[in-house]
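Undergrad: data-v2.pdb is reproduced in full below (PDB, C-alpha atoms and all ligand atoms).
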ATOM      1  CA  MET A   1     -12.282   4.418  -7.649  1.00  0.00           C
ATOM      2  CA  GLY A   2     -10.788   7.600  -6.079  1.00  0.00           C
ATOM      3  CA  LYS A   3     -13.245   7.583  -3.171  1.00  0.00           C
ATOM      4  CA  VAL A   4     -12.718   3.899  -2.347  1.00  0.00           C
ATOM      5  CA  TYR A   5      -8.936   4.433  -2.310  1.00  0.00           C
ATOM      6  CA  LEU A   6      -9.266   7.410   0.071  1.00  0.00           C
ATOM      7  CA  LYS A   7     -11.429   5.388   2.481  1.00  0.00           C
ATOM      8  CA  ILE A   8      -9.046   2.419   2.467  1.00  0.00           C
ATOM      9  CA  ALA A   9      -6.086   4.823   2.881  1.00  0.00           C
ATOM     10  CA  ALA A  10      -7.730   6.341   5.983  1.00  0.00           C
ATOM     11  CA  VAL A  11      -8.124   2.843   7.507  1.00  0.00           C
ATOM     12  CA  TYR A  12      -4.432   2.013   6.843  1.00  0.00           C
ATOM     13  CA  PHE A  13      -3.413   5.401   8.310  1.00  0.00           C
ATOM     14  CA  THR A  14      -5.307   4.603  11.513  1.00  0.00           C
ATOM     15  CA  LEU A  15      -3.740   1.113  11.711  1.00  0.00           C
ATOM     16  CA  GLY A  16      -0.282   2.556  10.902  1.00  0.00           C
ATOM     17  CA  VAL A  17      -0.268   5.232  13.590  1.00  0.00           C
ATOM     18  CA  LEU A  18      -1.770   2.826  16.159  1.00  0.00           C
ATOM     19  CA  MET A  19       1.089   0.428  15.359  1.00  0.00           C
ATOM     20  CA  GLY A  20       3.612   3.297  15.649  1.00  0.00           C
ATOM     21  CA  ILE A  21       2.398   4.550  18.996  1.00  0.00           C
ATOM     22  CA  THR A  22       2.155   0.980  20.362  1.00  0.00           C
ATOM     23  CA  MET A  23       5.772   0.284  19.327  1.00  0.00           C
ATOM     24  CA  GLY A  24       6.900   3.496  21.004  1.00  0.00           C
ATOM     25  CA  ILE A  25       5.021   2.813  24.256  1.00  0.00           C
ATOM     26  CA  ILE A  26       6.137  -0.795  24.637  1.00  0.00           C
ATOM     27  CA  GLN A  27       9.619   0.018  23.254  1.00  0.00           C
ATOM     28  CA  ASP A  28       9.546  -2.897  20.824  1.00  0.00           C
ATOM     29  CA  TYR A  29      10.647  -1.927  17.341  1.00  0.00           C
ATOM     30  CA  ARG A  30      10.481  -5.348  15.650  1.00  0.00           C
ATOM     31  CA  PHE A  31       7.423  -4.186  13.705  1.00  0.00           C
ATOM     32  CA  ALA A  32       9.030  -0.930  12.434  1.00  0.00           C
ATOM     33  CA  SER A  33       9.240  -2.185   8.868  1.00  0.00           C
ATOM     34  CA  ILE A  34       5.594  -3.357   8.867  1.00  0.00           C
ATOM     35  CA  HIS A  35       4.555  -0.025  10.403  1.00  0.00           C
ATOM     36  CA  ALA A  36       6.592   1.829   7.734  1.00  0.00           C
ATOM     37  CA  HIS A  37       5.010  -0.059   4.824  1.00  0.00           C
ATOM     38  CA  THR A  38       1.495   0.047   6.287  1.00  0.00           C
ATOM     39  CA  ASN A  39       1.854   3.828   6.347  1.00  0.00           C
ATOM     40  CA  LEU A  40       3.726   4.216   3.047  1.00  0.00           C
ATOM     41  CA  LEU A  41       1.987   1.648   0.802  1.00  0.00           C
ATOM     42  CA  GLY A  42      -1.325   1.706   2.724  1.00  0.00           C
ATOM     43  CA  TRP A  43      -1.835   5.357   3.657  1.00  0.00           C
ATOM     44  CA  VAL A  44       0.506   7.480   1.497  1.00  0.00           C
ATOM     45  CA  SER A  45       0.383   5.496  -1.768  1.00  0.00           C
ATOM     46  CA  MET A  46      -3.348   4.781  -1.640  1.00  0.00           C
ATOM     47  CA  ALA A  47      -4.191   8.392  -0.696  1.00  0.00           C
ATOM     48  CA  LEU A  48      -2.135   9.465  -3.726  1.00  0.00           C
ATOM     49  CA  PHE A  49      -3.930   6.938  -5.975  1.00  0.00           C
ATOM     50  CA  GLY A  50      -7.243   8.322  -4.643  1.00  0.00           C
ATOM     51  CA  ILE A  51      -6.306  11.964  -5.305  1.00  0.00           C
ATOM     52  CA  ILE A  52      -4.789  11.179  -8.720  1.00  0.00           C
ATOM     53  CA  TYR A  53      -7.850   9.220  -9.830  1.00  0.00           C
ATOM     54  CA  HIS A  54     -10.099  12.057  -8.628  1.00  0.00           C
ATOM     55  CA  LEU A  55      -8.065  14.503 -10.735  1.00  0.00           C
ATOM     56  CA  TYR A  56      -7.919  12.214 -13.784  1.00  0.00           C
ATOM     57  CA  PRO A  57     -11.272  10.400 -14.157  1.00  0.00           C
ATOM     58  CA  ALA A  58     -10.366   8.834 -17.521  1.00  0.00           C
ATOM     59  CA  ALA A  59      -7.429   7.062 -15.841  1.00  0.00           C
ATOM     60  CA  ALA A  60      -9.709   5.990 -12.960  1.00  0.00           C
ATOM     61  CA  LYS A  61     -12.183   4.292 -15.304  1.00  0.00           C
ATOM     62  CA  SER A  62      -9.682   2.106 -17.133  1.00  0.00           C
ATOM     63  CA  LYS A  63      -9.294  -1.664 -16.808  1.00  0.00           C
ATOM     64  CA  LEU A  64      -5.649  -1.037 -15.804  1.00  0.00           C
ATOM     65  CA  ALA A  65      -6.827   0.988 -12.781  1.00  0.00           C
ATOM     66  CA  LYS A  66      -9.228  -1.774 -11.683  1.00  0.00           C
ATOM     67  CA  THR A  67      -6.602  -4.500 -12.027  1.00  0.00           C
ATOM     68  CA  GLN A  68      -4.034  -2.429 -10.134  1.00  0.00           C
ATOM     69  CA  PHE A  69      -6.580  -1.740  -7.378  1.00  0.00           C
ATOM     70  CA  TRP A  70      -6.974  -5.476  -6.726  1.00  0.00           C
ATOM     71  CA  LEU A  71      -3.254  -6.269  -7.071  1.00  0.00           C
ATOM     72  CA  HIS A  72      -2.454  -3.566  -4.475  1.00  0.00           C
ATOM     73  CA  ASN A  73      -5.282  -4.410  -2.120  1.00  0.00           C
ATOM     74  CA  ILE A  74      -4.663  -8.149  -2.147  1.00  0.00           C
ATOM     75  CA  GLY A  75      -0.855  -7.844  -2.324  1.00  0.00           C
ATOM     76  CA  LEU A  76      -0.359  -5.397   0.562  1.00  0.00           C
ATOM     77  CA  PRO A  77      -2.233  -7.372   3.267  1.00  0.00           C
ATOM     78  CA  LEU A  78      -0.506 -10.583   2.094  1.00  0.00           C
ATOM     79  CA  MET A  79       2.916  -8.873   2.222  1.00  0.00           C
ATOM     80  CA  THR A  80       2.443  -7.232   5.638  1.00  0.00           C
ATOM     81  CA  GLY A  81       0.510 -10.175   7.115  1.00  0.00           C
ATOM     82  CA  ALA A  82       3.234 -12.631   6.104  1.00  0.00           C
ATOM     83  CA  ILE A  83       5.949 -10.405   7.630  1.00  0.00           C
ATOM     84  CA  VAL A  84       3.937 -10.080  10.876  1.00  0.00           C
ATOM     85  CA  PHE A  85       3.844 -13.918  10.926  1.00  0.00           C
ATOM     86  CA  GLU A  86       7.623 -14.045  10.394  1.00  0.00           C
ATOM     87  CA  VAL A  87       8.314 -11.562  13.206  1.00  0.00           C
ATOM     88  CA  VAL A  88       5.899 -13.215  15.657  1.00  0.00           C
ATOM     89  CA  THR A  89       6.901 -16.840  15.029  1.00  0.00           C
ATOM     90  CA  GLY A  90      10.540 -16.349  14.005  1.00  0.00           C
ATOM     91  CA  SER A  91       9.825 -18.741  11.138  1.00  0.00           C
ATOM     92  CA  LEU A  92      10.420 -18.075   7.446  1.00  0.00           C
ATOM     93  CA  ALA A  93       7.518 -20.358   6.460  1.00  0.00           C
ATOM     94  CA  SER A  94       5.464 -17.389   5.257  1.00  0.00           C
ATOM     95  CA  LEU A  95       8.253 -15.979   3.057  1.00  0.00           C
ATOM     96  CA  PRO A  96       6.658 -17.224  -0.209  1.00  0.00           C
ATOM     97  CA  VAL A  97       3.457 -15.384   0.742  1.00  0.00           C
ATOM     98  CA  ALA A  98       5.439 -12.206   1.503  1.00  0.00           C
ATOM     99  CA  ILE A  99       7.140 -12.516  -1.887  1.00  0.00           C
ATOM    100  CA  ALA A 100       3.862 -13.210  -3.725  1.00  0.00           C
ATOM    101  CA  GLY A 101       2.205 -10.208  -2.037  1.00  0.00           C
ATOM    102  CA  SER A 102       5.180  -7.946  -2.829  1.00  0.00           C
ATOM    103  CA  VAL A 103       5.265  -9.099  -6.471  1.00  0.00           C
ATOM    104  CA  ALA A 104       1.524  -8.357  -6.760  1.00  0.00           C
ATOM    105  CA  VAL A 105       2.115  -4.816  -5.432  1.00  0.00           C
ATOM    106  CA  VAL A 106       5.047  -4.276  -7.821  1.00  0.00           C
ATOM    107  CA  LEU A 107       3.043  -5.565 -10.827  1.00  0.00           C
ATOM    108  CA  GLY A 108       0.249  -3.207  -9.788  1.00  0.00           C
ATOM    109  CA  VAL A 109       2.679  -0.277  -9.678  1.00  0.00           C
ATOM    110  CA  ILE A 110       3.818  -1.115 -13.232  1.00  0.00           C
ATOM    111  CA  LEU A 111       0.156  -1.126 -14.377  1.00  0.00           C
ATOM    112  CA  PHE A 112      -0.328   2.201 -12.552  1.00  0.00           C
ATOM    113  CA  MET A 113       2.618   3.678 -14.460  1.00  0.00           C
ATOM    114  CA  ILE A 114       1.212   2.462 -17.804  1.00  0.00           C
ATOM    115  CA  ASN A 115      -2.226   3.820 -16.843  1.00  0.00           C
ATOM    116  CA  ILE A 116      -0.794   7.253 -16.008  1.00  0.00           C
ATOM    117  CA  PHE A 117       1.142   7.420 -19.288  1.00  0.00           C
ATOM    118  CA  LYS A 118      -1.893   6.258 -21.263  1.00  0.00           C
ATOM    119  CA  TYR A 119      -4.650   8.418 -19.788  1.00  0.00           C
ATOM    120  CA  VAL A 120      -3.238  11.493 -18.007  1.00  0.00           C
ATOM    121  CA  GLY A 121      -3.436  14.422 -20.411  1.00  0.00           C
ATOM    122  CA  LYS A 122      -6.156  12.658 -22.439  1.00  0.00           C
ATOM    123  CA  GLU A 123      -8.998  14.265 -20.442  1.00  0.00           C
ATOM    124  CA  SER A 124     -11.772  15.713 -22.562  1.00  0.00           C
TER     125      SER A 124
HETATM  126  C1  LIG B   1       1.427   8.847  15.618  1.00  0.00           C
HETATM  127  C2  LIG B   1       2.052   8.466  14.525  1.00  0.00           C
HETATM  128  C3  LIG B   1       3.321   7.636  14.503  1.00  0.00           C
HETATM  129  C4  LIG B   1       4.054   7.102  15.524  1.00  0.00           C
HETATM  130  C5  LIG B   1       3.791   7.169  17.019  1.00  0.00           C
HETATM  131  C6  LIG B   1       5.199   6.419  14.909  1.00  0.00           C
HETATM  132  C7  LIG B   1       6.160   5.724  15.608  1.00  0.00           C
HETATM  133  C8  LIG B   1       7.243   5.090  15.051  1.00  0.00           C
HETATM  134  C9  LIG B   1       8.233   4.323  15.784  1.00  0.00           C
HETATM  135  C10 LIG B   1       8.251   4.139  17.307  1.00  0.00           C
HETATM  136  C11 LIG B   1       9.124   3.849  14.878  1.00  0.00           C
HETATM  137  C12 LIG B   1      10.356   2.986  15.158  1.00  0.00           C
HETATM  138  C13 LIG B   1      11.541   3.878  15.264  1.00  0.00           C
HETATM  139  C14 LIG B   1      12.831   3.105  15.310  1.00  0.00           C
HETATM  140  O1  LIG B   1      12.899   1.979  14.798  1.00  0.00           O
HETATM  141  O2  LIG B   1      13.794   3.658  15.860  1.00  0.00           O
HETATM  142  C15 LIG B   1       8.708   4.306  13.571  1.00  0.00           C
HETATM  143  C16 LIG B   1       9.371   4.028  12.389  1.00  0.00           C
HETATM  144  C17 LIG B   1       8.970   4.464  11.159  1.00  0.00           C
HETATM  145  N1  LIG B   1       7.828   5.202  10.874  1.00  0.00           N
HETATM  146 FE1  LIG B   1       6.474   5.834  12.189  1.00  0.00          FE
HETATM  147  N2  LIG B   1       5.130   6.565  13.541  1.00  0.00           N
HETATM  148  C18 LIG B   1       3.996   7.304  13.250  1.00  0.00           C
HETATM  149  C19 LIG B   1       3.543   7.653  12.003  1.00  0.00           C
HETATM  150  C20 LIG B   1       4.203   7.399  10.819  1.00  0.00           C
HETATM  151  C21 LIG B   1       3.739   7.799   9.494  1.00  0.00           C
HETATM  152  C22 LIG B   1       2.436   8.563   9.223  1.00  0.00           C
HETATM  153  C23 LIG B   1       4.675   7.365   8.597  1.00  0.00           C
HETATM  154  C24 LIG B   1       4.716   7.483   7.113  1.00  0.00           C
HETATM  155  C25 LIG B   1       3.858   8.163   6.389  1.00  0.00           C
HETATM  156  C26 LIG B   1       5.727   6.688   9.361  1.00  0.00           C
HETATM  157  C27 LIG B   1       6.849   6.129   8.823  1.00  0.00           C
HETATM  158  C28 LIG B   1       7.808   5.454   9.524  1.00  0.00           C
HETATM  159  C29 LIG B   1       8.979   4.844   8.893  1.00  0.00           C
HETATM  160  C30 LIG B   1       9.318   4.890   7.411  1.00  0.00           C
HETATM  161  C31 LIG B   1       9.694   4.221   9.926  1.00  0.00           C
HETATM  162  C32 LIG B   1      10.957   3.395   9.787  1.00  0.00           C
HETATM  163  C33 LIG B   1      12.135   4.282  10.031  1.00  0.00           C
HETATM  164  C34 LIG B   1      13.410   3.488  10.016  1.00  0.00           C
HETATM  165  O3  LIG B   1      13.416   2.271   9.766  1.00  0.00           O
HETATM  166  O4  LIG B   1      14.428   4.113  10.334  1.00  0.00           O
HETATM  167  N3  LIG B   1       5.400   6.717  10.708  1.00  0.00           N
HETATM  168  N4  LIG B   1       7.546   5.055  13.700  1.00  0.00           N
HETATM  169  C1  LIG B   2       6.285  -3.947  -3.027  1.00  0.00           C
HETATM  170  C2  LIG B   2       6.793  -2.852  -2.546  1.00  0.00           C
HETATM  171  C3  LIG B   2       7.891  -2.805  -1.526  1.00  0.00           C
HETATM  172  C4  LIG B   2       8.671  -3.810  -1.021  1.00  0.00           C
HETATM  173  C5  LIG B   2       8.641  -5.281  -1.373  1.00  0.00           C
HETATM  174  C6  LIG B   2       9.587  -3.197  -0.065  1.00  0.00           C
HETATM  175  C7  LIG B   2      10.552  -3.889   0.644  1.00  0.00           C
HETATM  176  C8  LIG B   2      11.378  -3.344   1.590  1.00  0.00           C
HETATM  177  C9  LIG B   2      12.342  -4.081   2.369  1.00  0.00           C
HETATM  178  C10 LIG B   2      12.627  -5.572   2.231  1.00  0.00           C
HETATM  179  C11 LIG B   2      12.924  -3.194   3.223  1.00  0.00           C
HETATM  180  C12 LIG B   2      13.990  -3.486   4.282  1.00  0.00           C
HETATM  181  C13 LIG B   2      13.261  -3.786   5.577  1.00  0.00           C
HETATM  182  C14 LIG B   2      14.147  -4.026   6.772  1.00  0.00           C
HETATM  183  O1  LIG B   2      15.299  -3.624   6.773  1.00  0.00           O
HETATM  184  O2  LIG B   2      13.655  -4.622   7.724  1.00  0.00           O
HETATM  185  C15 LIG B   2      12.326  -1.897   2.993  1.00  0.00           C
HETATM  186  C16 LIG B   2      12.629  -0.758   3.687  1.00  0.00           C
HETATM  187  C17 LIG B   2      12.016   0.457   3.503  1.00  0.00           C
HETATM  188  N1  LIG B   2      11.061   0.766   2.552  1.00  0.00           N
HETATM  189 FE1  LIG B   2      10.186  -0.548   1.315  1.00  0.00          FE
HETATM  190  N2  LIG B   2       9.337  -1.862   0.000  1.00  0.00           N
HETATM  191  C18 LIG B   2       8.310  -1.573  -0.876  1.00  0.00           C
HETATM  192  C19 LIG B   2       7.749  -0.341  -1.111  1.00  0.00           C
HETATM  193  C20 LIG B   2       8.090   0.823  -0.463  1.00  0.00           C
HETATM  194  C21 LIG B   2       7.485   2.117  -0.735  1.00  0.00           C
HETATM  195  C22 LIG B   2       6.428   2.368  -1.811  1.00  0.00           C
HETATM  196  C23 LIG B   2       8.061   3.000   0.119  1.00  0.00           C
HETATM  197  C24 LIG B   2       7.818   4.471   0.277  1.00  0.00           C
HETATM  198  C25 LIG B   2       6.805   5.148  -0.245  1.00  0.00           C
HETATM  199  C26 LIG B   2       9.029   2.258   0.943  1.00  0.00           C
HETATM  200  C27 LIG B   2       9.795   2.778   1.949  1.00  0.00           C
HETATM  201  C28 LIG B   2      10.692   2.077   2.704  1.00  0.00           C
HETATM  202  C29 LIG B   2      11.423   2.662   3.809  1.00  0.00           C
HETATM  203  C30 LIG B   2      11.291   4.088   4.321  1.00  0.00           C
HETATM  204  C31 LIG B   2      12.261   1.642   4.298  1.00  0.00           C
HETATM  205  C32 LIG B   2      13.233   1.740   5.480  1.00  0.00           C
HETATM  206  C33 LIG B   2      12.432   1.622   6.760  1.00  0.00           C
HETATM  207  C34 LIG B   2      12.241   0.232   7.289  1.00  0.00           C
HETATM  208  O3  LIG B   2      11.421  -0.541   6.782  1.00  0.00           O
HETATM  209  O4  LIG B   2      12.890  -0.115   8.253  1.00  0.00           O
HETATM  210  N3  LIG B   2       9.009   0.944   0.560  1.00  0.00           N
HETATM  211  N4  LIG B   2      11.381  -2.016   1.995  1.00  0.00           N
END
Represent the structure of the file as structure tokens.

TA:
Amino acid sequence: MGKVYLKIAAVYFTLGVLMGITMGIIQDYRFASIHAHTNLLGWVSMALFGIIYHLYPAAAKSKLAKTQFWLHNIGLPLMTGAIVFEVVTGSLASLPVAIAGSVAVVLGVILFMINIFKYVGKES
């Protein structure tokens, strides 16, 4: 679980900085919010999940961790993808997808919190 998170985090980091440098070069900041969340929910949060699950293997093995993994990894691309669509087309048609993706991420964060409370400190 920890290793997969670190690999996915590294991919989001690469995408995030490529997006940042592209915005700077072409001087178009419409994607700043997508860049910010790609870096913060993709790179920073997932790198933290990876390190935390490496430190606390009992938490990494739980059903809560697995469910949160999928909520985060399905929710984040839906959330960012839908906002890219909104920025590019100027249409709010993808708003429900952005909301569904965001809700999935938030639900995952709640499961992460429960997982941390349940298993951290219970290492043998
Ligand atoms: C080579 C790496 C990066 C480049 C070239 C870059 C570039 C940029 C640019 C051009 C903006 C828009 C600034 C504006 O709207 O005035 C921006 C915004 C932002 N970046 Fe980056 N960025 C990089 C890496 C990162 C990383 C690693 C993070 C987080 C871990 C990050 C977080 C943010 C945030 C939160 C904003 C939004 C700031 C705001 O709305 O005021 N960036 N970045
Ligand atoms: C499901 C989770 C999240 C949702 C739905 C969300 C939503 C939002 C929204 C709607 C904005 C305003 C965007 C704008 O003004 O264009 C925003 C801004 C921001 N959020 Fe989040 N956020 C989430 C998670 C996070 C996390 C985990 C972090 C940091 C670790 C973060 C950092 C920021 C920052 C730095 C800004 C201001 C920069 C910008 O986007 O222009 N967000 N967020």

Undergrad: Step by step, measure atom-to-atom distances between ligand LIG 1 (chain B) and each residue using all atoms listed in the file, keep those at most 10 Å, then write them as a count of residues only.

TA: 34

Undergrad: Expand the PyMOL selection byres (((chain A and resi 76) around 10) and not hetatm) into the individual residues it matches in the shown file, reporting them as a list in words.

TA: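 Applied to this file, the PyMOL selection byres (((chain A and resi 76) around 10) and not hetatm) selects His37, Thr38, Leu41, Gly42, Trp70, Leu71, His72, Asn73, Ile74, Gly75, Pro77, Leu78, Met79, Thr80, Gly81, Ala82, Ala98, Ala100, Gly101, Ser102, Val103, Ala104 and Val105 of chain A.
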
Undergrad: Only C-alpha atoms, please: the residues just picked out, written as a short mmCIF file (atom, residue, chain, number, x, y, z; two decimals), keeping the file's coordinate frame.

TA:
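The resulting file, part38.cif, is reproduced below:
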data_model
loop_
_atom_site.label_atom_id
_atom_site.label_comp_id
_atom_site.auth_asym_id
_atom_site.auth_seq_id
_atom_site.Cartn_x
_atom_site.Cartn_y
_atom_site.Cartn_z
CA HIS A 37 5.01 -0.06 4.82
CA THR A 38 1.50 0.05 6.29
CA LEU A 41 1.99 1.65 0.80
CA GLY A 42 -1.32 1.71 2.72
CA TRP A 70 -6.97 -5.48 -6.73
CA LEU A 71 -3.25 -6.27 -7.07
CA HIS A 72 -2.45 -3.57 -4.47
CA ASN A 73 -5.28 -4.41 -2.12
CA ILE A 74 -4.66 -8.15 -2.15
CA GLY A 75 -0.86 -7.84 -2.32
CA PRO A 77 -2.23 -7.37 3.27
CA LEU A 78 -0.51 -10.58 2.09
CA MET A 79 2.92 -8.87 2.22
CA THR A 80 2.44 -7.23 5.64
CA GLY A 81 0.51 -10.18 7.12
CA ALA A 82 3.23 -12.63 6.10
CA ALA A 98 5.44 -12.21 1.50
CA ALA A 100 3.86 -13.21 -3.72
CA GLY A 101 2.20 -10.21 -2.04
CA SER A 102 5.18 -7.95 -2.83
CA VAL A 103 5.26 -9.10 -6.47
CA ALA A 104 1.52 -8.36 -6.76
CA VAL A 105 2.12 -4.82 -5.43
#

Undergrad: For atom CA of A:Val106 and atom C2 of ligand LIG 2 (chain B), quote the distance in Å rounded to one decimal.

TA: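 Between these atoms lies a distance of 5.7 Å.
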
Undergrad: Could you tell me, as a CSV table (one decimal) with C-alpha atoms, in the coordinates of the input, exactly which residues end up selected when the PyMOL selection byres (((chain A and resi 108-122) around 8) and not hetatm) is applied to this structure?

TA:
chain,number,residue,atom,x,y,z
A,56,TYR,CA,-7.9,12.2,-13.8
A,58,ALA,CA,-10.4,8.8,-17.5
A,59,ALA,CA,-7.4,7.1,-15.8
A,62,SER,CA,-9.7,2.1,-17.1
A,64,LEU,CA,-5.6,-1.0,-15.8
A,65,ALA,CA,-6.8,1.0,-12.8
A,67,THR,CA,-6.6,-4.5,-12.0
A,68,GLN,CA,-4.0,-2.4,-10.1
A,69,PHE,CA,-6.6,-1.7,-7.4
A,71,LEU,CA,-3.3,-6.3,-7.1
A,72,HIS,CA,-2.5,-3.6,-4.5
A,104,ALA,CA,1.5,-8.4,-6.8
A,105,VAL,CA,2.1,-4.8,-5.4
A,106,VAL,CA,5.0,-4.3,-7.8
A,107,LEU,CA,3.0,-5.6,-10.8
A,123,GLU,CA,-9.0,14.3,-20.4
A,124,SER,CA,-11.8,15.7,-22.6

Undergrad: Emit as AutoDock Vina command-line options the padded axis-aligned box for all listed atoms of stretch 11-24 of chain A, 3 Å per side, with centre and edge lengths in Å to one decimal.

TA:
--center_x -0.6 --center_y 2.8 --center_z 13.9 --size_x 21.0 --size_y 11.1 --size_z 20.2

Undergrad: Taking into account all atoms listed in the file, which residue in the set A:Met1, A:Ile83, A:Val88, A:Val11 is nearest to ligand LIG 2 (chain B)?

TA: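 Of A:Met1, A:Ile83, A:Val88, A:Val11, the one nearest ligand LIG 2 (chain B) is A:Ile83, counting all atoms listed in the file.
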